[in-house]
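K.L.:
Got a structure here, written out as structure tokens. Questions coming.
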Amino acid sequence: MGTDFTNELYDLHHGNVSEIYSEWPAPDLIISDGAYGVRGFRGDTADSTGLVDWYQPHVLEWAKAAKPSTSLWFWNTEVGWATVHPLLLATGWEYVQLAIWDKGLAHIAGNVNGKTIRQLPVVTEVSALYRRKLFLDTGDGQTLAVKEWLRAEWQRSGLPLCKANEACEVKNAATRKYLTADWLWYWPPGEAVRKMADYCTVFGKPTNRPYFSLDGTKPVTSEEWDRMRAVWNHRNGITNVWSRPPLADSERLRGTMERSAPRTYKPTKQSAAHLNQKPLDLMLTQIAAATCEGNVVWEPFGGLASASVASVLLGRHACASEIDDTFVGLAKGRLDEAYDSFKRNGTFVFEEAE
């Protein structure tokens with residue numbers, strides 16, 4: 001067991017994250033920035049072929065700890081993400097979209113020999129958003145995906161589908177969105193599910209199992225239903241392409257004098273402390289979009305703990321782990337600064353929201 005540093009807004013584990021998963025509170029969001037298959041840190045694989053084996057024990061732990069509403073941002077190269085994607089699907093994660101970080105020409109300036117390169121210069125990383133695929137018990141030994149479960153619960157009452165509109169006090173939204181069998185399906189708000197449960201209880205066939213029940217003993221409440229849906233806080237103007245220059249100047253931590261494979265064999269005081277430090281603004285964007293204040297954010301492969309720093313600034317509770325001694329020291333310093341900022345200034349506010 002490694003060393004832990006904690007306060008009210010973060011838990012930083014110095015050691016292997018596998019030692020601590022079971023002790024962390026259930027995550028509302030996981031931000032993974034682990035192996036890329038480019039030998040970027042000690043323990044990284046040499047290419048993408050080893051990534052599934054590298055990630056599998058971690059992905060299994062994530063699935064075990066996740067809530068129905070947990071989201072995941074998975075950072076990697078394009079081929080690294082594509083390699084691990086089937087593993088994520090197989091363990092209950094549902095793909096939502098791919099965000100692309102376009103670092104621009106500044107990322108390759110002076111680093112490409114046009115006479116020898118045999119491909120287009122790469123200036124991107126990707127971060128895929130996933131949510132848990134929700135399955136619910138039908139009471140007869142089966143489970144259905146939430147879309148099919150809602151329709152089956154209504155049909156169990158023996159009432160025609162059109163009556164769902166009357167139950168929800170709408171013209172046709174209930175049958176067109178909430179109970180539809182086609183691709184137009186829309187997650188219903190908790191209040192609509194409660195109204196359908198009440199209506200079926202009064203007008204549907206008598207049943208020993210309550211309608212729209214999660215536990216088989218009582219109908220779901222609107223609050224219980226809403227808690228199962230993943231958080232999404234929309235910001236206008238933010239798309240899935242992030243045109244953002246690579247870290248430079250004061251943004252990037254430097255001067256640890258540690259060798260970093262495969263590129264920095266003779267480090268100087270100007271060498272980057274970590275080859276894959278993420279921009280804080282991108283971390284803030286991801287966390288603000290997929291969590292609410294007070295939520296728990298896991299950063300299992302902490303590095304410099306950029307995601308956890310952003311979490312603290314936003315008033316979330318960060319759980320991070322890092323095995324490297326130098327990175328842990330830098331991460332703790334950054335987390336303490338973020339905590340002091342939060343205590344002085346309150347929750348970070350994006351400029352366009354002021």
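Residues are named by chain letter and number: chains run A, B, ... in the order of the structure tokens, numbers start at 1 in each chain, and ligands are numbered from 1 in the order shown.
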Counting only C-alpha atoms, what is within 10 Å of A:Leu304, bar same-chain residues fewer than 3 positions away, as a PyMOL selection string?

P.N.:
chain A and resi 253+273-274+276-278+301+307-309+320-322+324+326-335

K.L.:
Skipping near chain neighbours, those fewer than 3 positions away, what residues fall within 7 Å of stretch 63-78 of chain A using only C-alpha atoms, listed as number ranges by chain?

P.N.:
A: 26-33, 36, 59-60, 81-82, 91-92, 125-132, 134, 227-230, 290

K.L.:
Separation of atom CA of A:Val193 and atom CA of A:Ser222, in Å?

P.N.:
6.8 Å

K.L.:
Using only C-alpha atoms, pick whichever of A:Asn7, A:Thr221, A:Asn240, A:Thr49 has the shortest atom-to-atom distance to A:Arg194.

P.N.:
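The answer is A:Thr221, which sits nearest to A:Arg194.
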
K.L.:
Please list as a short mmCIF file (atom, residue, chain, number, x, y, z; two decimals) with C-alpha atoms, in the first residue's frame every residue within 10 Å of A:Gly104, counting only C-alpha atoms and excluding residues in the same chain fewer than 6 positions away.

P.N.:
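Result file selection16.cif:
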```
data_model
loop_
_atom_site.label_atom_id
_atom_site.label_comp_id
_atom_site.auth_asym_id
_atom_site.auth_seq_id
_atom_site.Cartn_x
_atom_site.Cartn_y
_atom_site.Cartn_z
CA VAL A 122 0.18 13.92 -36.62
CA VAL A 123 -1.07 16.86 -34.55
CA THR A 124 -3.99 15.21 -32.74
CA SER A 243 -8.34 23.62 -31.69
CA ARG A 244 -5.85 24.34 -28.96
CA PRO A 245 -2.06 24.82 -29.31
CA PRO A 246 0.25 22.46 -27.43
#
```

K.L.:
Give me, please, the distance in Å between atom CA of A:Val220 and atom CA of A:Ala192, quoted to one decimal.

P.N.:
11.0 Å

K.L.:
Find the residues around A:Asp53 up to 12 Å (only C-alpha atoms counted), leave out those fewer than 2 positions away in its own chain, and share them as a ChimeraX atom specification.

P.N.:
/A:35,37,44-45,48-51,55-60,83-84,87

K.L.:
I need the residues in stretch 196-238 of chain A that are alpha helix (DSSP H) according to DSSP; give them as a ChimeraX atom specification.

P.N.:
/A:196-203,222-227

K.L.:
Set the distance at 12 Å and use only C-alpha atoms: which residues neighbour A:Thr207 once local chain neighbours fewer than 2 positions away are removed? I'd like the list as a PyMOL selection string.

P.N.:
chain A and resi 139+153+156-158+200-205+209-213+216-218

K.L.:
Output C-alpha atoms of each residue in that selection to a file, as an mmCIF file, in the first residue's frame.

P.N.:
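Saved file out_19.cif follows:
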```cif
data_model
loop_
_atom_site.group_PDB
_atom_site.id
_atom_site.type_symbol
_atom_site.label_atom_id
_atom_site.label_comp_id
_atom_site.auth_asym_id
_atom_site.auth_seq_id
_atom_site.Cartn_x
_atom_site.Cartn_y
_atom_site.Cartn_z
ATOM 1 C CA GLY A 139 -39.043 -9.249 -12.620
ATOM 2 C CA GLU A 153 -43.410 -1.980 -18.479
ATOM 3 C CA ARG A 156 -47.397 -5.149 -19.241
ATOM 4 C CA SER A 157 -50.291 -2.989 -18.042
ATOM 5 C CA GLY A 158 -52.431 -4.002 -21.032
ATOM 6 C CA CYS A 200 -50.673 2.045 -14.892
ATOM 7 C CA THR A 201 -51.282 1.345 -11.206
ATOM 8 C CA VAL A 202 -54.776 2.884 -11.397
ATOM 9 C CA PHE A 203 -55.909 1.806 -14.871
ATOM 10 C CA GLY A 204 -53.696 -1.163 -15.783
ATOM 11 C CA LYS A 205 -54.117 -4.857 -15.152
ATOM 12 C CA ARG A 209 -45.068 -6.456 -9.152
ATOM 13 C CA PRO A 210 -45.482 -2.660 -9.180
ATOM 14 C CA TYR A 211 -45.253 -1.006 -12.560
ATOM 15 C CA PHE A 212 -42.000 0.790 -13.377
ATOM 16 C CA SER A 213 -40.250 -0.628 -10.303
ATOM 17 C CA GLY A 216 -39.828 -5.085 -7.399
ATOM 18 C CA THR A 217 -41.419 -3.615 -4.270
ATOM 19 C CA LYS A 218 -42.363 -0.023 -5.177
#
```

K.L.:
Just the residues within 10 Å of A:Pro188, please, counting only C-alpha atoms, with nothing from its chain fewer than 3 positions along; format it as a list in words.

P.N.:
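Skipping anything fewer than 3 positions along the chain leaves Lys147, Leu150, Ala173, Ala174, Lys177, Tyr178, Leu179, Trp185, Glu191, Ala192, Val193, Trp225, Asp226 and Arg229 of chain A.
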